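Colleague: What follows is target21.txt, made up of compact mmCIF, C-alpha atoms and all ligand atoms:
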# COMPACT_ATOMS: atom_id res chain seq x y z
CA MET A 127 64.99 -14.68 -6.28
CA PRO A 128 64.30 -10.95 -5.76
CA LEU A 129 64.08 -9.43 -2.32
CA ILE A 130 60.84 -10.18 -0.47
CA ARG A 131 59.02 -7.98 2.02
CA LEU A 132 59.24 -9.39 5.53
CA ASP A 133 55.44 -9.61 5.97
CA LYS A 134 55.05 -11.57 2.74
CA TYR A 135 57.95 -13.83 3.72
CA LEU A 136 56.33 -14.57 7.09
CA ALA A 137 52.89 -15.17 5.60
CA ASP A 138 54.33 -17.47 2.93
CA ALA A 139 56.29 -19.32 5.61
CA GLY A 140 52.92 -20.24 7.12
CA LEU A 141 52.79 -17.85 10.08
CA GLY A 142 49.34 -16.52 9.20
CA THR A 143 47.63 -13.67 7.45
CA ARG A 144 49.43 -10.45 6.58
CA SER A 145 47.78 -8.69 9.51
CA LYS A 146 48.65 -11.50 11.92
CA VAL A 147 52.31 -11.46 10.86
CA LYS A 148 52.42 -7.67 11.16
CA ASP A 149 51.35 -8.10 14.79
CA LEU A 150 54.10 -10.68 15.32
CA VAL A 151 56.64 -8.18 13.98
CA LYS A 152 55.30 -5.32 16.12
CA SER A 153 55.38 -7.46 19.22
CA GLY A 154 59.09 -8.10 18.72
CA GLN A 155 58.97 -11.83 17.98
CA ILE A 156 60.71 -11.70 14.61
CA PHE A 157 64.50 -11.74 14.22
CA VAL A 158 66.49 -11.38 11.01
CA ASN A 159 70.13 -12.40 11.33
CA ASP A 160 69.64 -12.31 15.12
CA ILE A 161 68.45 -8.72 15.09
CA GLN A 162 64.96 -7.98 16.38
CA ILE A 163 62.95 -6.36 13.60
CA LYS A 164 59.94 -4.11 14.16
CA LYS A 165 59.22 -3.08 10.58
CA SER A 166 57.16 -5.32 8.33
CA ASP A 167 58.32 -3.72 5.10
CA MET A 168 61.97 -4.72 5.59
CA LYS A 169 63.31 -6.56 2.52
CA ILE A 170 64.57 -10.10 2.97
CA ASP A 171 67.16 -11.83 0.81
CA ASN A 172 65.97 -15.41 0.87
CA GLU A 173 69.40 -16.76 -0.05
CA LYS A 174 71.31 -15.03 2.72
CA ASP A 175 69.09 -13.87 5.54
CA VAL A 176 68.24 -16.11 8.49
CA VAL A 177 64.75 -15.41 9.78
CA ARG A 178 63.21 -16.74 12.97
CA CYS A 179 60.03 -16.29 14.98
CA GLY A 180 61.08 -16.58 18.60
CA THR A 181 63.37 -19.61 18.55
CA LYS A 182 61.75 -21.18 15.46
CA LEU A 183 63.82 -20.92 12.29
CA LEU A 184 61.69 -20.18 9.25
CA SER A 185 62.10 -21.33 5.70
CA TYR A 186 60.56 -19.68 2.69
CA SER A 187 59.39 -21.34 -0.45
CA GLU A 188 57.40 -19.53 -3.03
CA PHE A 189 55.54 -22.68 -4.02
CA GLU A 190 54.44 -25.80 -2.23
CA TYR A 191 53.33 -29.11 -3.66
CA TYR A 192 51.63 -31.95 -1.80
CA MET A 193 50.42 -35.37 -2.86
CA LEU A 194 47.29 -36.29 -0.90
CA ASN A 195 45.62 -39.70 -0.76
CA LYS A 196 42.11 -38.29 -0.72
CA PRO A 197 39.61 -40.19 1.40
CA GLN A 198 35.89 -40.35 0.66
CA GLY A 199 33.69 -37.72 2.30
CA VAL A 200 35.83 -34.61 1.69
CA ILE A 201 35.28 -32.21 -1.17
CA SER A 202 37.85 -30.93 -3.68
CA ALA A 203 37.48 -27.26 -2.82
CA THR A 204 39.44 -24.66 -0.89
CA LYS A 205 36.63 -23.49 1.41
CA ASP A 206 33.16 -24.66 2.28
CA ASP A 207 30.81 -23.63 5.08
CA LEU A 208 29.29 -27.07 5.55
CA GLN A 209 31.60 -29.75 4.24
CA LYS A 210 35.20 -30.67 5.01
CA THR A 211 37.62 -29.75 2.22
CA VAL A 212 40.82 -31.42 1.05
CA ILE A 213 42.78 -28.31 2.11
CA GLU A 214 41.72 -28.86 5.72
CA LEU A 215 43.55 -32.20 5.62
CA ILE A 216 46.92 -30.42 5.19
CA LYS A 217 47.78 -29.81 8.80
CA GLU A 218 51.26 -28.35 8.98
CA ASP A 219 52.15 -24.64 8.83
CA LYS A 220 50.51 -24.25 5.51
CA ARG A 221 50.23 -21.40 3.12
CA ARG A 222 46.84 -19.79 2.75
CA ASP A 223 46.76 -19.92 -1.05
CA LEU A 224 46.77 -23.71 -1.55
CA PHE A 225 44.25 -25.27 -3.94
CA PRO A 226 43.62 -28.74 -5.39
CA VAL A 227 44.83 -29.43 -8.92
CA GLY A 228 41.52 -30.45 -10.48
CA ARG A 229 38.69 -32.20 -8.70
CA LEU A 230 37.79 -35.64 -7.50
CA ASP A 231 34.18 -36.41 -6.58
CA LYS A 232 33.34 -36.49 -2.87
CA ASP A 233 33.16 -40.30 -2.96
CA THR A 234 36.36 -40.76 -5.03
CA GLU A 235 39.63 -41.66 -3.32
CA GLY A 236 43.24 -41.39 -4.33
CA LEU A 237 45.78 -39.04 -5.81
CA LEU A 238 45.09 -35.34 -5.50
CA ILE A 239 47.86 -32.79 -5.90
CA ILE A 240 47.60 -29.66 -3.79
CA THR A 241 49.68 -26.59 -4.55
CA ASN A 242 49.73 -22.81 -4.80
CA ASP A 243 51.53 -22.90 -8.18
CA GLY A 244 48.99 -21.92 -10.82
CA VAL A 245 51.35 -22.44 -13.76
CA PHE A 246 52.09 -25.99 -12.62
CA ALA A 247 48.37 -26.69 -12.10
CA ASN A 248 47.61 -25.40 -15.56
CA SER A 249 50.26 -27.64 -17.10
CA MET A 250 48.50 -30.64 -15.50
CA LEU A 251 44.96 -29.58 -16.36
CA ALA A 252 44.95 -27.62 -19.62
CA PRO A 253 42.90 -29.57 -22.19
CA GLY A 254 45.67 -29.22 -24.80
CA LYS A 255 48.20 -30.98 -22.55
CA HIS A 256 46.33 -34.33 -22.52
CA VAL A 257 47.82 -35.44 -19.22
CA ASP A 258 46.90 -39.10 -18.56
CA LYS A 259 44.84 -39.75 -15.45
CA LYS A 260 44.67 -43.38 -14.40
CA TYR A 261 41.98 -44.77 -12.09
CA PHE A 262 41.06 -48.09 -10.51
CA ALA A 263 37.32 -48.78 -10.30
CA LYS A 264 34.84 -51.40 -9.16
CA ILE A 265 31.85 -51.65 -11.44
CA GLU A 266 28.44 -53.15 -10.72
CA GLY A 267 27.96 -55.47 -13.69
CA ARG A 268 30.09 -57.48 -16.09
CA VAL A 269 32.55 -55.32 -18.04
CA THR A 270 33.04 -56.97 -21.43
CA GLU A 271 35.90 -57.00 -23.94
CA ASP A 272 33.89 -55.12 -26.56
CA MET A 273 33.76 -52.16 -24.15
CA ILE A 274 37.56 -51.87 -24.49
CA GLU A 275 37.06 -51.00 -28.18
CA HIS A 276 34.21 -48.58 -27.45
CA PHE A 277 36.26 -46.79 -24.81
CA LYS A 278 39.17 -46.60 -27.26
CA GLU A 279 36.93 -44.80 -29.75
CA GLY A 280 35.44 -42.41 -27.18
CA VAL A 281 32.07 -42.67 -25.45
CA ASP A 282 28.95 -40.53 -25.94
CA ILE A 283 28.13 -39.36 -22.41
CA GLY A 284 25.54 -36.80 -23.49
CA ASP A 285 27.89 -33.84 -24.05
CA ASP A 286 28.29 -32.04 -27.39
CA VAL A 287 31.17 -34.33 -28.32
CA PRO A 288 32.09 -37.86 -27.23
CA THR A 289 34.93 -38.33 -24.76
CA LYS A 290 38.49 -38.58 -26.00
CA PRO A 291 39.79 -42.16 -26.35
CA ALA A 292 40.20 -43.95 -23.03
CA ILE A 293 42.19 -47.07 -22.22
CA LEU A 294 40.15 -49.69 -20.39
CA GLU A 295 41.88 -52.69 -18.77
CA ILE A 296 39.78 -55.44 -17.24
CA ILE A 297 41.26 -56.80 -14.01
CA LYS A 298 38.34 -58.90 -12.78
CA GLN A 299 35.37 -59.82 -14.92
CA SER A 300 32.37 -60.89 -12.87
CA GLU A 301 29.00 -59.65 -11.59
CA GLN A 302 31.09 -57.01 -9.93
CA SER A 303 34.03 -56.15 -12.16
CA GLU A 304 37.34 -54.45 -11.43
CA ILE A 305 39.07 -52.30 -14.01
CA ASN A 306 41.75 -49.72 -14.61
CA ILE A 307 40.87 -46.80 -16.87
CA THR A 308 43.08 -44.06 -18.26
CA ILE A 309 41.52 -40.82 -19.50
CA THR A 310 43.06 -37.57 -20.71
CA GLU A 311 40.19 -35.21 -19.92
CA GLY A 312 38.54 -34.16 -16.68
CA ARG A 313 34.86 -33.82 -17.44
CA TYR A 314 32.31 -33.72 -14.64
CA HIS A 315 31.72 -37.29 -13.30
CA GLN A 316 33.45 -38.49 -16.46
CA ILE A 317 34.19 -42.10 -15.54
CA LYS A 318 30.83 -42.64 -13.84
CA ARG A 319 29.10 -41.28 -16.93
CA MET A 320 31.20 -43.42 -19.30
CA PHE A 321 30.03 -46.58 -17.53
CA LYS A 322 26.50 -45.25 -17.20
CA ALA A 323 26.44 -45.04 -21.01
CA PHE A 324 26.70 -48.86 -20.87
CA GLY A 325 24.06 -49.16 -18.14
CA MET A 326 26.64 -49.78 -15.41
CA GLU A 327 27.38 -48.13 -12.10
CA VAL A 328 30.79 -47.24 -10.67
CA ILE A 329 30.68 -48.32 -7.03
CA TYR A 330 34.27 -47.47 -6.09
CA LEU A 331 36.73 -45.10 -7.75
CA LYS A 332 40.33 -44.30 -6.90
CA ARG A 333 42.83 -42.19 -8.85
CA LEU A 334 46.20 -43.91 -9.18
CA SER A 335 48.24 -41.40 -11.17
CA MET A 336 48.25 -38.09 -12.97
CA GLY A 337 50.86 -37.79 -15.69
CA LYS A 338 54.18 -38.91 -14.23
CA ILE A 339 52.99 -38.53 -10.65
CA VAL A 340 51.92 -41.83 -9.11
CA LEU A 341 50.06 -42.19 -5.80
CA ASP A 342 52.56 -43.22 -3.12
CA GLU A 343 51.37 -46.55 -1.71
CA ALA A 344 52.83 -45.65 1.67
CA LEU A 345 50.16 -42.97 2.09
CA GLY A 346 47.05 -44.10 3.96
CA LEU A 347 43.71 -42.46 3.26
CA GLY A 348 43.86 -38.80 4.34
CA GLU A 349 47.67 -38.82 4.48
CA TYR A 350 49.91 -36.64 2.36
CA ARG A 351 53.53 -35.83 1.64
CA LYS A 352 55.41 -33.19 -0.29
CA LEU A 353 56.16 -33.94 -3.94
CA THR A 354 59.81 -34.93 -4.38
CA SER A 355 62.27 -32.95 -6.47
CA GLU A 356 62.27 -35.85 -8.99
CA GLU A 357 58.47 -35.64 -9.35
CA LEU A 358 58.60 -31.87 -9.77
CA ALA A 359 61.44 -32.07 -12.29
CA TYR A 360 59.11 -33.85 -14.75
CA TYR A 361 57.20 -30.59 -14.92
CA GLY A 362 60.18 -28.23 -15.00
CA ARG A 363 59.85 -27.29 -11.32
N1 LIG B 1 35.51 -39.48 -12.98
C1 LIG B 1 34.48 -39.51 -12.08
O1 LIG B 1 33.38 -39.94 -12.42
N2 LIG B 1 34.71 -39.07 -10.84
C2 LIG B 1 35.92 -38.62 -10.42
O2 LIG B 1 36.05 -38.25 -9.24
C3 LIG B 1 36.97 -38.59 -11.35
C4 LIG B 1 36.74 -39.03 -12.63
Here is the file; what I need is its structure written in the form of structure tokens.
Modeller:
Amino acid sequence: MPLIRLDKYLADAGLGTRSKVKDLVKSGQIFVNDIQIKKSDMKIDNEKDVVRCGTKLLSYSEFEYYMLNKPQGVISATKDDLQKTVIELIKEDKRRDLFPVGRLDKDTEGLLIITNDGVFANSMLAPGKHVDKKYFAKIEGRVTEDMIEHFKEGVDIGDDVPTKPAILEIIKQSEQSEINITITEGRYHQIKRMFKAFGMEVIYLKRLSMGKIVLDEALGLGEYRKLTSEELAYYGR
């Protein structure tokens, strides 16, 4: 990795905005290899230099990747004046440039990846990549076997073209059914609209996986963890 300016290093390490970290440097709180540094434009070699703020050792990573088990009631956005966003759920010293990879509706739960790596996000979202997204849903009404065939052919949800083929698995067939569905697109309210096309309402929706990345069952609603190196390796990271 090339040399990094000290103020960028500190901001990326989660210490705050560029102006906040400049103040930290000026006030003598930053040490590089045990030497107090007062200049924010010093160049840091991430592989060799040891940087600390007071007694706290810092670590730099250009990119961060979290898996969040999104609860209902928070929106998939970076900032909002009125509503709580998924980014606000990431509590630790976080970078300021994090964003959610795609969107889940406010009332949808489950897997949401949060990162600052735009290339990675694009590889998960670009229409040409056809990354599978698997959901569990509860449906008001009886989901029938013939719907499996319809979903396989693609459903007219009122857009210019029908949806791409989707895999529908019926788990519980009753007045209130339970299903798994796998789609490869991410159209607005896609799953709700696919069932609406059959006169049915989705009453609970949870994303289980996105490509090779599967929601960790150990995560309660609102909890998150970093993606593992194995999970990132699937995407060349
Ligand atoms: N489809 C929906 O209808 N909502 C979501 O949040 C995701 C997929």
Colleague: List the spatial neighbours of stretch 267-276 of chain A as a list in words - criterion: any atom at most 6 Å away, all atoms listed in the file, same-chain residues fewer than 5 positions off excluded.
Modeller: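 My reading of the contact set: Leu294, Gln299, Ser300, Glu301, Gln302 and Ser303 of chain A.
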Colleague: Write a file of the selected residues as a compact mmCIF listing (two decimals), in the coordinates of the input, keeping C-alpha atoms.
Modeller:
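Final file, result.txt:
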# COMPACT_ATOMS: atom_id res chain seq x y z
CA LEU A 294 40.15 -49.69 -20.39
CA GLN A 299 35.37 -59.82 -14.92
CA SER A 300 32.37 -60.89 -12.87
CA GLU A 301 29.00 -59.65 -11.59
CA GLN A 302 31.09 -57.01 -9.93
CA SER A 303 34.03 -56.15 -12.16
Colleague: With a distance cut-off of 9 Å and all atoms listed in the file, select the neighbouring residues of A:Ile170, excluding the residue or stretch itself and same-chain residues fewer than 6 positions from it, and output the selection as a VMD selection string.
Modeller: chain A and resid 128 to 132 135 158 176 to 177
Colleague: Counting all atoms listed in the file, what are the residues, protein, DNA or RNA alike, that approach ligand LIG 1 (chain B) to within 9 Å? I want them as number ranges by chain.
Modeller: A: 229-235, 259, 261, 309, 311-320, 328, 331-333
Colleague: Can you work out which one of A:Leu224, A:Leu353, A:Val245, A:Ile305 has the shortest atom-to-atom distance to A:Lys205, counting all atoms listed in the file?
Modeller: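 When distances to A:Lys205 are compared using all atoms listed in the file, the smallest one comes from A:Leu224.
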Colleague: Taking only C-alpha atoms into account, which of A:Ile201, A:Ile265, A:Leu251, A:Leu238 comes nearest A:Ile339?
Modeller: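 Smallest separation from A:Ile339 among the options: A:Leu238.
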Colleague: Give the answer as one residue: which of A:Gln155, A:Ala203, A:Asp167, A:Ile296 has the shortest atom-to-atom distance to A:Thr181, using only C-alpha atoms?
Modeller: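 When distances to A:Thr181 are compared using only C-alpha atoms, the smallest one comes from A:Gln155.
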